[in-house]
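Colleague: So that we are looking at the same thing, I have put the structure below in structure tokens.
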Amino acid sequence: MAHHQAQEVDMQPERKPLVPRTEQEKQRLLNRLKRIEGQVRGLQKMVEDDRYCVDILVQLSAVQAALREVGFSLTERHAKMCVAHAIQEGSGEEHIDELLKVVRQLTK
């Protein structure tokens, strides 16, 4: 397990995308995340209301699928924009390695 920890990508709050997101891209992401937030609130209410386990699990799988979709969308944009830009600038290898590590982390 300790070996896998070394492979994880650490958060880097001081870094920004090499190719900044447009306002439209940000809004699309925020809208998706707000929708997911609403789904999570719905899950909380289902638990509070003592709903049937299977119903909660079905809703939980919908939230997980929505999060995976956001992850895929971000990964795709990062590869096509930031990593592609880094390759053109000559620093592609480091960014490709980082991308592969985070993909592994996302697909665990």
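Ligands are numbered from 1 in the order shown, residues from 1 within each chain, and chains are lettered A, B, ... in the order they appear in the structure tokens.
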Where does DSSP see helix (DSSP H, G or I) in range 14-95 of chain A, if you list the residues as a VMD selection string?
Modeller: chain A and resid 23 to 48 53 to 89 92 to 95
Colleague: Write out as a VMD selection string each polymer residue whose atoms come within 10 Å of Val83 in chain A, counting only C-alpha atoms; drop sequence neighbours fewer than 2 positions from it.
Modeller: chain A and resid 17 to 19 76 to 81 85 to 89 91 to 96 98 to 99
Colleague: Need the shell around Lys101 in chain A: protein/DNA/RNA residues with any atom at most 7 Å away, counting only C-alpha atoms. Skip same-chain ones fewer than 3 positions apart. Format as a PDB file with N, CA and C atoms, in the first residue's frame?
Modeller:
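And here's around-v5.pdb as it stands now:
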```
ATOM      1  N   GLN A   7       2.731   6.882  -5.586  1.00  0.00           N
ATOM      2  CA  GLN A   7       2.290   7.113  -6.963  1.00  0.00           C
ATOM      3  C   GLN A   7       1.203   8.189  -7.061  1.00  0.00           C
ATOM      4  N   GLU A   8       0.577   8.530  -5.936  1.00  0.00           N
ATOM      5  CA  GLU A   8      -0.527   9.486  -5.996  1.00  0.00           C
ATOM      6  C   GLU A   8      -0.013  10.892  -6.275  1.00  0.00           C
ATOM      7  N   VAL A   9      -0.821  11.653  -6.954  1.00  0.00           N
ATOM      8  CA  VAL A   9      -0.476  13.027  -7.287  1.00  0.00           C
ATOM      9  C   VAL A   9      -0.941  13.921  -6.148  1.00  0.00           C
ATOM     10  N   ASP A  97       3.743  12.178 -17.490  1.00  0.00           N
ATOM     11  CA  ASP A  97       3.890  11.328 -16.302  1.00  0.00           C
ATOM     12  C   ASP A  97       2.854  11.698 -15.246  1.00  0.00           C
ATOM     13  N   GLU A  98       2.691  12.998 -15.024  1.00  0.00           N
ATOM     14  CA  GLU A  98       1.718  13.474 -14.044  1.00  0.00           C
ATOM     15  C   GLU A  98       0.303  13.057 -14.448  1.00  0.00           C
ATOM     16  N   ARG A 104      -4.410   6.969 -13.150  1.00  0.00           N
ATOM     17  CA  ARG A 104      -4.384   5.780 -12.300  1.00  0.00           C
ATOM     18  C   ARG A 104      -5.147   6.039 -10.997  1.00  0.00           C
ATOM     19  N   GLN A 105      -4.946   7.203 -10.411  1.00  0.00           N
ATOM     20  CA  GLN A 105      -5.616   7.563  -9.163  1.00  0.00           C
ATOM     21  C   GLN A 105      -7.132   7.652  -9.373  1.00  0.00           C
TER      22      GLN A 105
END
```
Colleague: Quick one: residues within 12 Å of Met46 in chain A, only C-alpha atoms counted, chain neighbours fewer than 5 positions away excluded, as an mmCIF file with N, CA and C atoms, in the first residue's frame?
Modeller:
```
data_model
loop_
_atom_site.group_PDB
_atom_site.id
_atom_site.type_symbol
_atom_site.label_atom_id
_atom_site.label_comp_id
_atom_site.auth_asym_id
_atom_site.auth_seq_id
_atom_site.Cartn_x
_atom_site.Cartn_y
_atom_site.Cartn_z
ATOM 1 N N GLN A 39 -27.626 16.107 -5.985
ATOM 2 C CA GLN A 39 -27.837 14.657 -5.886
ATOM 3 C C GLN A 39 -27.357 14.148 -4.523
ATOM 4 N N VAL A 40 -26.238 14.679 -4.029
ATOM 5 C CA VAL A 40 -25.710 14.254 -2.722
ATOM 6 C C VAL A 40 -26.672 14.680 -1.609
ATOM 7 N N ARG A 41 -27.228 15.882 -1.733
ATOM 8 C CA ARG A 41 -28.235 16.321 -0.751
ATOM 9 C C ARG A 41 -29.443 15.389 -0.768
ATOM 10 N N ARG A 51 -35.101 5.613 3.670
ATOM 11 C CA ARG A 51 -35.533 5.012 2.410
ATOM 12 C C ARG A 51 -34.909 3.631 2.216
ATOM 13 N N TYR A 52 -35.474 2.881 1.321
ATOM 14 C CA TYR A 52 -35.037 1.524 1.005
ATOM 15 C C TYR A 52 -33.579 1.532 0.534
ATOM 16 N N CYS A 53 -32.788 0.590 1.061
ATOM 17 C CA CYS A 53 -31.347 0.509 0.768
ATOM 18 C C CYS A 53 -31.049 0.539 -0.723
ATOM 19 N N VAL A 54 -31.768 -0.255 -1.490
ATOM 20 C CA VAL A 54 -31.499 -0.364 -2.922
ATOM 21 C C VAL A 54 -31.736 0.984 -3.615
ATOM 22 N N ASP A 55 -32.766 1.715 -3.204
ATOM 23 C CA ASP A 55 -33.021 3.036 -3.780
ATOM 24 C C ASP A 55 -31.840 3.968 -3.518
ATOM 25 N N ILE A 56 -31.312 3.922 -2.292
ATOM 26 C CA ILE A 56 -30.152 4.758 -1.943
ATOM 27 C C ILE A 56 -28.947 4.347 -2.783
ATOM 28 N N LEU A 57 -28.732 3.042 -2.936
ATOM 29 C CA LEU A 57 -27.595 2.551 -3.719
ATOM 30 C C LEU A 57 -27.696 2.956 -5.187
ATOM 31 N N VAL A 58 -28.917 2.933 -5.736
ATOM 32 C CA VAL A 58 -29.122 3.350 -7.129
ATOM 33 C C VAL A 58 -28.758 4.830 -7.272
ATOM 34 N N GLN A 59 -29.200 5.640 -6.327
ATOM 35 C CA GLN A 59 -28.891 7.079 -6.366
ATOM 36 C C GLN A 59 -27.387 7.302 -6.169
ATOM 37 N N LEU A 60 -26.784 6.526 -5.299
ATOM 38 C CA LEU A 60 -25.341 6.618 -5.059
ATOM 39 C C LEU A 60 -24.566 6.304 -6.347
#
```
Colleague: Which one is closest to Pro20 in chain A: A:Leu106, A:Val70, A:Cys82, A:Leu100? Count only C-alpha atoms.
Modeller: A:Cys82
